[in-house]
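Source file final_2.cif; content: mmCIF, C-alpha atoms.
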data_coords
#
loop_
_atom_site.label_atom_id
_atom_site.label_comp_id
_atom_site.auth_asym_id
_atom_site.auth_seq_id
_atom_site.Cartn_x
_atom_site.Cartn_y
_atom_site.Cartn_z
CA ARG F 1 101.23 98.08 83.46
CA LEU F 2 102.34 100.52 86.13
CA ASP F 3 104.15 99.85 89.40
CA TYR F 4 103.51 102.08 92.45
CA THR F 5 105.68 100.12 94.91
CA ASP F 6 108.10 102.91 95.80
CA SER F 7 106.05 106.08 95.39
CA SER F 8 102.93 107.67 93.95
CA CYS F 9 104.89 108.25 90.74
CA PRO F 10 104.39 105.09 88.66
CA ALA F 11 107.05 103.10 86.85
CA LEU F 12 106.56 100.92 83.78
CA LEU F 13 106.49 97.28 84.90
CA LEU F 14 107.46 94.56 82.39
CA GLU F 15 107.26 90.96 83.60
CA PRO F 16 107.96 87.50 82.14
CA LEU F 17 105.51 84.78 81.17
CA ARG F 18 103.96 83.39 84.35
CA ARG F 19 100.96 81.19 85.22
CA ASN F 20 99.02 81.02 88.48
CA ILE F 21 98.25 77.30 88.72
CA LEU F 22 95.74 77.69 91.57
CA PRO F 23 92.25 77.53 90.02
CA HIS F 24 90.70 79.70 92.76
CA SER F 25 93.00 82.47 93.95
CA GLU F 26 90.38 84.17 96.16
CA TYR F 27 87.70 81.53 96.88
CA PHE F 28 89.26 79.65 99.82
CA GLU F 29 86.17 77.52 100.48
CA THR F 30 87.45 75.23 97.69
CA LEU F 31 90.38 74.25 99.93
CA SER F 32 90.44 71.39 102.43
CA GLN F 33 89.48 72.79 105.86
CA GLN F 34 91.28 70.95 108.63
CA SER F 35 90.14 72.12 112.10
CA VAL F 36 89.43 75.63 110.79
CA SER F 37 86.34 77.69 110.00
CA LEU F 38 85.97 80.30 107.24
CA ASP F 39 84.15 83.62 107.34
CA PHE F 40 83.82 85.61 104.08
CA GLY F 41 83.35 89.36 103.53
CA TYR F 42 86.41 91.17 104.90
CA LEU F 43 87.98 94.14 103.16
CA SER F 44 90.84 93.03 100.88
CA PRO F 45 93.81 94.95 99.38
CA GLU F 46 91.66 95.17 96.24
CA GLY F 47 89.23 97.45 98.10
CA LYS F 48 86.41 94.90 98.00
CA ASN F 49 84.82 92.83 100.77
CA ASN F 50 86.14 89.57 99.31
CA ALA F 51 88.74 88.42 101.85
CA TYR F 52 88.35 85.48 104.25
CA LYS F 53 88.93 85.22 107.99
CA ILE F 54 90.35 81.78 108.81
CA THR F 55 89.86 80.69 112.45
CA LYS F 56 91.54 77.75 114.16
CA THR F 57 89.02 75.36 115.76
CA GLY F 58 91.35 72.54 116.81
CA SER F 59 94.97 71.55 117.32
CA ASN F 60 95.30 70.35 113.71
CA GLY F 61 94.24 73.68 112.21
CA HIS F 62 95.36 74.27 108.63
CA LEU F 63 93.88 75.13 105.22
CA VAL F 64 95.32 73.27 102.24
CA ASP F 65 94.71 72.61 98.54
CA THR F 66 95.13 68.85 98.05
CA THR F 67 94.03 68.82 94.41
CA THR F 68 96.64 71.03 92.70
CA GLY F 69 100.00 69.36 93.20
CA ASN F 70 103.38 69.86 91.51
CA ASN F 71 104.15 72.91 93.65
CA ILE F 72 107.78 72.05 94.39
CA GLY F 73 110.20 74.51 92.77
CA LYS F 74 107.52 77.18 92.31
CA PHE F 75 106.98 80.44 94.14
CA LYS F 76 103.89 80.92 96.27
CA SER F 77 102.54 84.30 97.38
CA ILE F 78 99.54 85.32 99.47
CA TRP F 79 98.20 88.45 101.19
CA ALA F 80 97.67 88.22 104.95
CA ARG F 81 96.80 90.35 108.00
CA THR F 82 95.56 89.79 111.54
CA THR F 83 92.18 90.75 112.92
CA SER F 84 94.04 92.61 115.70
CA GLY F 85 97.54 92.76 117.10
CA THR F 86 100.62 90.93 115.87
CA GLY F 87 101.38 87.21 115.82
CA THR F 88 102.90 84.40 113.80
CA ALA F 89 101.50 81.76 111.47
CA TYR F 90 102.88 79.41 108.85
CA LEU F 91 101.95 80.37 105.30
CA CYS F 92 103.01 76.96 104.06
CA ASN F 93 103.24 73.50 105.64
CA HIS F 94 104.81 73.99 109.06
CA SER F 95 107.12 70.97 108.75
CA SER F 96 108.15 71.04 105.10
CA VAL F 97 109.31 74.51 104.05
CA SER F 98 111.95 76.51 105.89
CA ALA F 99 111.27 80.16 106.76
CA ALA F 100 107.51 79.69 106.34
CA LEU F 101 106.68 81.09 109.82
CA PHE F 102 105.89 84.78 109.35
CA GLU F 103 105.14 87.65 111.68
CA ILE F 104 101.78 89.05 110.63
CA THR F 105 100.38 92.43 111.64
CA GLU F 106 97.13 94.35 111.26
CA GLU F 107 98.42 95.79 107.96
CA TRP F 108 98.02 93.88 104.71
CA GLN F 109 101.32 92.38 103.50
CA ARG F 110 102.13 90.15 100.58
CA PHE F 111 104.26 87.17 101.63
CA ASP F 112 106.44 85.18 99.20
CA ILE F 113 107.43 81.59 99.90
CA ALA F 114 109.68 79.27 97.87
CA HIS F 115 108.21 75.75 97.66
CA SER F 116 111.34 73.75 98.42
CA GLY F 117 109.85 70.68 100.05
CA VAL F 118 106.06 70.49 99.92
CA ASP F 119 103.91 69.51 96.98
CA PHE F 120 100.58 71.08 98.01
CA PHE F 121 99.50 74.67 98.54
CA TYR F 122 98.88 75.64 102.19
CA ALA F 123 97.02 78.91 102.67
CA VAL F 124 97.74 78.90 106.42
CA ASP F 125 98.97 76.43 109.05
CA PHE F 126 98.28 77.17 112.74
CA ARG F 127 100.26 74.20 114.07
CA ALA F 128 103.70 73.92 115.74
CA SER F 129 105.11 77.34 116.74
CA ALA F 130 102.31 79.50 115.32
CA THR F 131 100.85 81.93 117.87
CA LEU F 132 97.78 83.12 115.95
CA ASP F 133 94.38 81.47 116.10
CA GLU F 134 92.85 83.47 113.24
CA ILE F 135 94.03 85.33 110.17
CA ILE F 136 92.58 87.21 107.17
CA LEU F 137 93.73 86.03 103.73
CA TRP F 138 93.34 87.12 100.10
CA GLY F 139 94.99 86.72 96.70
CA ALA F 140 96.75 83.35 96.66
CA GLN F 141 99.19 82.45 93.90
CA VAL F 142 101.43 79.52 92.97
CA GLU F 143 103.25 80.40 89.79
CA ASP F 144 105.22 78.48 87.21
CA ASP F 145 107.05 79.65 84.11
CA GLY F 146 104.05 79.05 81.86
CA SER F 147 105.01 75.51 80.89
CA GLY F 148 105.07 73.80 84.28
CA GLY F 149 108.66 74.71 85.12
CA GLY F 150 109.94 76.24 88.34
CA THR F 151 110.33 79.92 89.20
CA SER F 152 112.93 81.70 91.33
CA TYR F 153 110.91 84.74 92.44
CA ALA F 154 107.34 85.97 92.70
CA THR F 155 105.74 88.29 90.17
CA SER F 156 102.62 90.43 90.47
CA TYR F 157 99.25 88.92 91.32
CA ILE F 158 97.39 86.90 88.65
CA PRO F 159 93.75 86.35 89.77
CA THR F 160 92.01 83.08 88.86
CA TYR F 161 88.33 82.17 88.94
CA GLY F 162 87.94 78.46 88.23
CA SER F 163 91.06 77.62 86.24
CA SER F 164 94.74 78.49 85.98
CA VAL F 165 95.56 81.78 84.25
CA SER F 166 98.71 82.86 82.36
CA ARG F 167 100.12 86.33 81.92
CA VAL F 168 102.13 86.63 78.70
CA LYS F 169 105.65 88.00 78.62
CA GLU F 170 105.52 91.79 78.50
CA THR F 171 107.63 94.00 76.26
CA CYS F 172 107.36 97.59 75.11
CA ASN F 173 108.46 99.29 71.92
CA LYS F 174 107.97 102.61 70.14
CA THR F 175 108.45 103.23 66.42
CA GLY F 176 108.40 106.31 64.22
CA ILE F 177 110.88 108.34 66.25
CA SER F 178 113.71 108.65 63.74
CA SER F 179 113.72 112.43 64.21
CA LEU F 180 114.93 111.86 67.78
CA ILE F 181 117.40 109.00 67.39
CA GLY F 182 118.32 108.80 63.70
CA GLN F 183 121.21 111.25 63.88
CA PRO F 184 124.90 110.78 64.72
CA ASN F 185 124.74 112.84 67.94
CA GLY F 186 122.54 112.02 70.91
CA SER F 187 122.09 110.87 74.51
CA ILE F 188 120.14 108.09 76.19
CA PHE F 189 119.13 108.03 79.86
CA ILE F 190 117.48 105.14 81.74
CA ASP F 191 116.35 105.06 85.38
CA PHE F 192 115.40 101.48 86.29
CA VAL F 193 115.60 98.67 88.84
CA TYR F 194 117.75 95.65 88.05
CA ASP F 195 115.58 92.82 89.36
CA ASN F 196 117.05 89.52 88.25
CA ASN F 197 120.36 87.84 87.59
CA PHE F 198 120.37 85.48 84.63
CA GLY F 199 122.83 85.18 81.77
CA GLN F 200 123.69 87.62 78.99
CA THR F 201 120.64 89.79 78.44
CA ARG F 202 119.08 92.55 76.38
CA ILE F 203 117.69 95.31 78.58
CA PHE F 204 117.07 98.17 76.16
CA SER F 205 117.84 99.16 72.59
CA VAL F 206 117.38 101.89 70.02
CA SER F 207 117.58 100.37 66.59
CA GLU F 208 116.77 100.01 62.92
CA ASN F 209 114.11 97.25 62.53
CA SER F 210 115.32 95.40 65.66
CA TRP F 211 118.61 94.85 67.43
CA LEU F 212 119.02 91.69 65.35
CA SER F 213 119.45 93.49 62.04
CA GLY F 214 120.62 96.80 60.66
CA GLY F 215 122.03 99.20 63.24
CA SER F 216 121.46 99.55 66.96
CA ILE F 217 122.71 100.85 70.28
CA ARG F 218 121.75 98.37 72.98
CA LEU F 219 122.18 98.00 76.73
CA GLU F 220 123.04 94.50 77.92
CA LYS F 221 124.21 92.68 80.99
CA ASN F 222 127.60 91.07 80.43
CA ALA F 223 129.79 89.35 83.03
CA GLY F 224 127.76 90.98 85.79
CA LYS F 225 128.25 94.52 84.48
CA PHE F 226 126.43 96.94 82.20
CA ARG F 227 127.57 97.06 78.58
CA TRP F 228 126.39 99.25 75.71
CA ASN F 229 127.04 97.74 72.27
CA TRP F 230 127.15 99.70 68.99
CA VAL F 231 126.17 97.80 65.84
CA ASP F 232 126.21 99.30 62.34
CA ASN F 233 125.10 97.36 59.26
CA ASN F 234 124.94 94.13 61.35
CA ALA F 235 128.54 94.48 62.53
CA ALA F 236 129.74 95.41 66.06
CA THR F 237 131.65 98.71 65.97
CA GLY F 238 132.37 99.43 69.65
CA ALA F 239 131.28 98.97 73.24
CA LEU F 240 131.13 100.72 76.62
CA THR F 241 131.36 98.71 79.86
CA SER F 242 130.71 99.88 83.40
CA THR F 243 133.26 99.39 86.15
CA THR F 244 130.39 98.82 88.60
CA SER F 245 128.94 95.33 89.04
CA MET F 246 125.16 94.98 88.89
CA VAL F 247 123.27 94.22 92.12
CA VAL F 248 119.87 92.52 92.08
CA GLY F 249 117.09 94.80 93.35
CA GLN F 250 119.15 97.99 93.08
CA ARG F 251 118.02 101.11 91.26
CA TYR F 252 120.39 102.56 88.65
CA LYS F 253 120.56 105.73 86.62
CA ILE F 254 122.61 105.15 83.48
CA ALA F 255 123.30 107.44 80.52
CA ILE F 256 125.37 107.45 77.37
CA THR F 257 126.34 110.39 75.20
CA TYR F 258 127.48 109.73 71.67
CA ALA F 259 128.71 111.35 68.48
CA ALA F 260 129.49 109.81 65.13
CA THR F 261 132.72 108.14 66.25
CA SER F 262 132.89 108.31 70.06
CA ALA F 263 130.72 107.70 73.14
CA SER F 264 130.82 107.88 76.94
CA LEU F 265 129.04 105.95 79.71
CA PHE F 266 127.77 107.51 82.95
CA LEU F 267 126.42 105.48 85.88
CA ASP F 268 125.05 106.90 89.14
CA GLY F 269 126.87 110.20 88.75
CA VAL F 270 130.22 108.77 87.60
CA LYS F 271 131.74 108.76 84.12
CA GLU F 272 132.81 105.11 83.84
CA ASP F 273 133.94 104.56 80.24
CA THR F 274 134.75 106.24 76.92
CA ALA F 275 135.28 104.44 73.62
CA SER F 276 135.50 104.84 69.85
CA VAL F 277 132.31 103.70 68.10
CA THR F 278 130.51 104.01 64.79
CA THR F 279 126.98 105.27 65.40
CA PRO F 280 124.31 104.03 62.96
CA THR F 281 122.12 106.73 61.42
CA GLN F 282 119.00 104.74 60.41
CA MET F 283 117.60 104.02 63.91
CA ASN F 284 113.85 104.55 64.20
CA GLN F 285 112.53 102.60 67.22
CA ILE F 286 113.17 101.74 70.86
CA HIS F 287 112.66 98.41 72.64
CA LEU F 288 112.37 97.59 76.35
CA ASN F 289 113.05 93.98 77.40
CA GLU F 290 114.09 93.12 73.84
CA LEU F 291 114.75 89.43 73.19
CA GLY F 292 115.30 87.37 70.08
CA GLY F 293 117.63 85.29 67.98
CA SER F 294 119.42 82.48 69.80
CA PHE F 295 118.78 83.92 73.27
CA ALA F 296 116.28 81.72 75.12
CA ASP F 297 113.71 82.94 77.66
CA ALA F 298 115.85 81.59 80.50
CA ASN F 299 118.46 84.25 79.67
CA GLU F 300 116.03 87.14 79.47
CA PHE F 301 116.26 90.18 81.68
CA GLN F 302 113.10 89.15 83.47
CA ARG F 303 111.56 92.00 85.43
CA ASN F 304 112.54 95.49 84.41
CA ILE F 305 110.93 98.33 86.31
CA PHE F 306 111.48 101.46 84.21
CA ASN F 307 111.09 104.67 86.20
CA GLN F 308 112.13 106.89 83.30
CA VAL F 309 113.58 106.65 79.81
CA LEU F 310 114.81 109.78 78.00
CA LEU F 311 116.28 110.20 74.51
CA PHE F 312 117.99 113.45 73.51
CA PRO F 313 118.74 114.43 69.89
CA THR F 314 121.99 116.06 71.06
CA ALA F 315 124.95 114.90 73.13
CA LEU F 316 124.81 116.12 76.73
CA THR F 317 127.93 117.57 78.27
CA ASP F 318 129.80 115.45 80.80
CA GLN F 319 128.49 117.59 83.66
CA GLU F 320 124.90 117.37 82.41
CA ALA F 321 125.17 113.58 82.20
CA ILE F 322 126.70 113.41 85.69
CA ASP F 323 123.91 115.58 87.13
CA LEU F 324 121.23 113.56 85.36
CA THR F 325 122.51 110.20 86.64
CA THR F 326 123.28 111.22 90.22
CA ILE F 327 121.01 109.43 92.70
#
Write the structure described by the file as structure tokens, please.
Amino acid sequence: RLDYTDSSCPALLLEPLRRNILPHSEYFETLSQQSVSLDFGYLSPEGKNNAYKITKTGSNGHLVDTTTGNNIGKFKSIWARTTSGTGTAYLCNHSSVSAALFEITEEWQRFDIAHSGVDFFYAVDFRASATLDEIILWGAQVEDDGSGGGTSYATSYIPTYGSSVSRVKETCNKTGISSLIGQPNGSIFIDFVYDNNFGQTRIFSVSENSWLSGGSIRLEKNAGKFRWNWVDNNAATGALTSTTSMVVGQRYKIAITYAATSASLFLDGVKEDTASVTTPTQMNQIHLNELGGSFADANEFQRNIFNQVLLFPTALTDQEAIDLTTI
């Protein structure tokens, strides 16, 4: 899938296994209406007239799902806007979850809320310090890790129409490109957003068969920094490590240039490392978000956003690599 968050130029979006446990993500009339009225037919972010206006009719005004529990530890998200002006409303239970009072404007926004202390899904709560009496809502989501476990951040919208829906873990690979990467000299360039912070991870690899066997050059996270590992005939032959620590949510441009026995690492316009390596010559495929072997899903690099990936059949000069990676 493609991500247009930052510009009209799309980036490849790869996300982990997630499940929206709400059975009706857009049909809010299935929720318990406490001192509120619902009016259907407003224009949603989807471009259809399928959003609801929720209006407070009494001091106890809130809209809640009391049938789908087990929300604690999961991330909730919902789209909201006002009918006019700017005001505040709780997009969770007003007394149970901190930072659930949001400023809402006439523009559609997607709001993310961590369920730290309430078991049920609240679409909106007009009580306590809320200043709004009505709001327009669409696209509700409470997501788990696919097996009922908790989540630490929200992923893209998963619509549901009567039952929970899962989105499988997404990966991307390309085979049959040995003419580009199966030689001892080359360069690799990746422009991507680092969007999570788990354990040791596999971000990208060029390889023979997979990074688990044969030969490969693979980008990993290690001790909070970027590391490129060279593997030939199942044995590690060298590594490059950045001096820069990785920051969640930051965009990076990273490149390596390599020959048969040496390689260099460039990050955001700076040459950060040079090392002796043995470059495998049988590589014939690339993998994004590669995972396997003894590495469990909890250690996966969870949400790569790839703006650009380039492979060159020749080694770039230092200046070319610096220019290419400068942000």
Chain and number of each residue from the PyMOL selection byres ((chain F and resi 57) around 6), as number ranges by chain
F: 35-36, 56, 58
For the selection just defined, write its residues with C-alpha atoms to a file, as a CSV table (one decimal), in the frame of the given file.
chain,number,residue,atom,x,y,z
F,35,SER,CA,90.1,72.1,112.1
F,36,VAL,CA,89.4,75.6,110.8
F,56,LYS,CA,91.5,77.8,114.2
F,58,GLY,CA,91.4,72.5,116.8
Once the PyMOL selection byres ((chain F and resi 207) around 12) is applied to the coordinates I shared, what remains selected? I want it as a ChimeraX atom specification.
/F:173-178,180-183,204-206,208-219,229-234,279-288,290
What would the file look like if the residues just selected were written as a PDB file, keeping the file's coordinate frame with C-alpha atoms?
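After the write, selection16.pdb holds the following:
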ATOM      1  CA  ASN F 173     108.460  99.290  71.920  1.00  0.00           C
ATOM      2  CA  LYS F 174     107.970 102.610  70.140  1.00  0.00           C
ATOM      3  CA  THR F 175     108.450 103.230  66.420  1.00  0.00           C
ATOM      4  CA  GLY F 176     108.400 106.310  64.220  1.00  0.00           C
ATOM      5  CA  ILE F 177     110.880 108.340  66.250  1.00  0.00           C
ATOM      6  CA  SER F 178     113.710 108.650  63.740  1.00  0.00           C
ATOM      7  CA  LEU F 180     114.930 111.860  67.780  1.00  0.00           C
ATOM      8  CA  ILE F 181     117.400 109.000  67.390  1.00  0.00           C
ATOM      9  CA  GLY F 182     118.320 108.800  63.700  1.00  0.00           C
ATOM     10  CA  GLN F 183     121.210 111.250  63.880  1.00  0.00           C
ATOM     11  CA  PHE F 204     117.070  98.170  76.160  1.00  0.00           C
ATOM     12  CA  SER F 205     117.840  99.160  72.590  1.00  0.00           C
ATOM     13  CA  VAL F 206     117.380 101.890  70.020  1.00  0.00           C
ATOM     14  CA  GLU F 208     116.770 100.010  62.920  1.00  0.00           C
ATOM     15  CA  ASN F 209     114.110  97.250  62.530  1.00  0.00           C
ATOM     16  CA  SER F 210     115.320  95.400  65.660  1.00  0.00           C
ATOM     17  CA  TRP F 211     118.610  94.850  67.430  1.00  0.00           C
ATOM     18  CA  LEU F 212     119.020  91.690  65.350  1.00  0.00           C
ATOM     19  CA  SER F 213     119.450  93.490  62.040  1.00  0.00           C
ATOM     20  CA  GLY F 214     120.620  96.800  60.660  1.00  0.00           C
ATOM     21  CA  GLY F 215     122.030  99.200  63.240  1.00  0.00           C
ATOM     22  CA  SER F 216     121.460  99.550  66.960  1.00  0.00           C
ATOM     23  CA  ILE F 217     122.710 100.850  70.280  1.00  0.00           C
ATOM     24  CA  ARG F 218     121.750  98.370  72.980  1.00  0.00           C
ATOM     25  CA  LEU F 219     122.180  98.000  76.730  1.00  0.00           C
ATOM     26  CA  ASN F 229     127.040  97.740  72.270  1.00  0.00           C
ATOM     27  CA  TRP F 230     127.150  99.700  68.990  1.00  0.00           C
ATOM     28  CA  VAL F 231     126.170  97.800  65.840  1.00  0.00           C
ATOM     29  CA  ASP F 232     126.210  99.300  62.340  1.00  0.00           C
ATOM     30  CA  ASN F 233     125.100  97.360  59.260  1.00  0.00           C
ATOM     31  CA  ASN F 234     124.940  94.130  61.350  1.00  0.00           C
ATOM     32  CA  THR F 279     126.980 105.270  65.400  1.00  0.00           C
ATOM     33  CA  PRO F 280     124.310 104.030  62.960  1.00  0.00           C
ATOM     34  CA  THR F 281     122.120 106.730  61.420  1.00  0.00           C
ATOM     35  CA  GLN F 282     119.000 104.740  60.410  1.00  0.00           C
ATOM     36  CA  MET F 283     117.600 104.020  63.910  1.00  0.00           C
ATOM     37  CA  ASN F 284     113.850 104.550  64.200  1.00  0.00           C
ATOM     38  CA  GLN F 285     112.530 102.600  67.220  1.00  0.00           C
ATOM     39  CA  ILE F 286     113.170 101.740  70.860  1.00  0.00           C
ATOM     40  CA  HIS F 287     112.660  98.410  72.640  1.00  0.00           C
ATOM     41  CA  LEU F 288     112.370  97.590  76.350  1.00  0.00           C
ATOM     42  CA  GLU F 290     114.090  93.120  73.840  1.00  0.00           C
TER      43      GLU F 290
END
Suppose a student applies the PyMOL selection byres ((chain F and resi 3-12) around 6) to this structure; what residues should they get, written as a PDB file with C-alpha atoms, in the frame of the given file?
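This is the output file expr.pdb:
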ATOM      1  CA  LEU F   2     102.340 100.520  86.130  1.00  0.00           C
ATOM      2  CA  LEU F  13     106.490  97.280  84.900  1.00  0.00           C
ATOM      3  CA  ILE F 305     110.930  98.330  86.310  1.00  0.00           C
ATOM      4  CA  PHE F 306     111.480 101.460  84.210  1.00  0.00           C
ATOM      5  CA  ASN F 307     111.090 104.670  86.200  1.00  0.00           C
TER       6      ASN F 307
END
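When CA of Ile254 (chain F) is paired with CA of Ile190 (chain F), their separation reads 5.4 Å.
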Would you pick out the contacts of region 26-30 of chain F at 6 Å or less, using only C-alpha atoms, so that residues sharing its chain but fewer than 2 positions from it are not included, and give the list as an mmCIF file with C-alpha atoms, in the coordinates of the input?
data_model
loop_
_atom_site.group_PDB
_atom_site.id
_atom_site.type_symbol
_atom_site.label_atom_id
_atom_site.label_comp_id
_atom_site.auth_asym_id
_atom_site.auth_seq_id
_atom_site.Cartn_x
_atom_site.Cartn_y
_atom_site.Cartn_z
ATOM 1 C CA HIS F 24 90.700 79.700 92.760
ATOM 2 C CA TRP F 138 93.340 87.120 100.100
ATOM 3 C CA GLY F 139 94.990 86.720 96.700
#
Around the point (100.0, 84.4, 110.3) in the file's coordinates, collect all residues with an atom within 6 Å, using only C-alpha atoms, and return them as number ranges by chain.
F: 88-90, 102, 104
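The residue set within 10 Å of Leu316 (chain F), counting only C-alpha atoms and dropping same-chain residues fewer than 2 places from it, reads Asn185, Gly186, Ser187, Ile188, Ala255, Ile256, Thr257, Tyr258, Phe312, Pro313, Thr314, Asp318, Gln319, Glu320, Ala321, Ile322 and Leu324 of chain F.
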Which residues of region 79-130 of chain F come within 8 Å of region 141-154 of chain F, and what is each one's closest atom pair and distance in Å (one decimal), counting only C-alpha atoms, sorted by chain and residue number, as CSV?
residue,atom,partner,partner_atom,distance
F:Asp112,CA,F:Ala154,CA,6.6
F:Ala114,CA,F:Ser152,CA,7.7
F:Phe121,CA,F:Val142,CA,7.6
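Using all atoms listed in the file, the residues found no farther than 12 Å from Ser32 (chain F), other than those of its own chain fewer than 4 positions away, are Tyr27, Phe28, Val36, Ser37, Leu38, Gly61, His62, Leu63, Val64, Asp65, Thr66, Thr67, Thr68, Phe120, Phe121, Tyr122, Ala123, Val124 and Asp125 of chain F.
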Between CA of Ser163 (chain F) and CA of Glu107 (chain F), what is the distance, to one decimal in Å?
29.3 Å
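Using only C-alpha atoms, the protein and nucleic acid residues lying no more than 12 Å from Ser96 (chain F), apart from those fewer than 3 places from it along its own chain, are Ile72, Tyr90, Leu91, Cys92, Asn93, Ala99, Ala100, Leu101, Ile113, Ala114, His115, Ser116, Gly117, Val118, Asp119, Phe120, Phe121, Tyr122, Asp125 and Ala128 of chain F.
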Nearest to Phe189 (chain F): which of F:Glu134, F:Glu46, F:Glu103, F:Asp323 is it, counting all atoms listed in the file?
F:Asp323
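A straight line drawn from CA of Tyr157 (chain F) to CA of Asn71 (chain F) is 16.9 Å long.
Minimum atom-to-atom distances from F:Val270, F:Ala223, F:Met246, F:Leu311 to Ser179 (chain F) were compared using all atoms listed in the file, and the lowest value belongs to F:Leu311.
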Could you give me, as a list in words, the residues that have an atom at most 8 Å away from the point (102.8, 91.3, 102.0) in the coordinates of the file, using all atoms listed in the file?
Ile78, Trp79, Ala80, Trp108, Gln109, Arg110, Phe111 and Asp112 of chain F
Counting all atoms listed in the file, figure out which residue out of F:Ile136, F:Ala260, F:Leu14, F:Leu43 gets nearest to Thr55 (chain F).
F:Ile136
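Nearest to Val193 (chain F) of all the residues F:Ser44, F:Gln308, F:Thr237, F:Gln34 is F:Gln308, counting all atoms listed in the file.
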Of the candidates F:Leu137, F:Leu31, F:Val248, F:Ala263, which shows the shortest atom-to-atom distance to Ile54 (chain F), using only C-alpha atoms?
F:Leu137
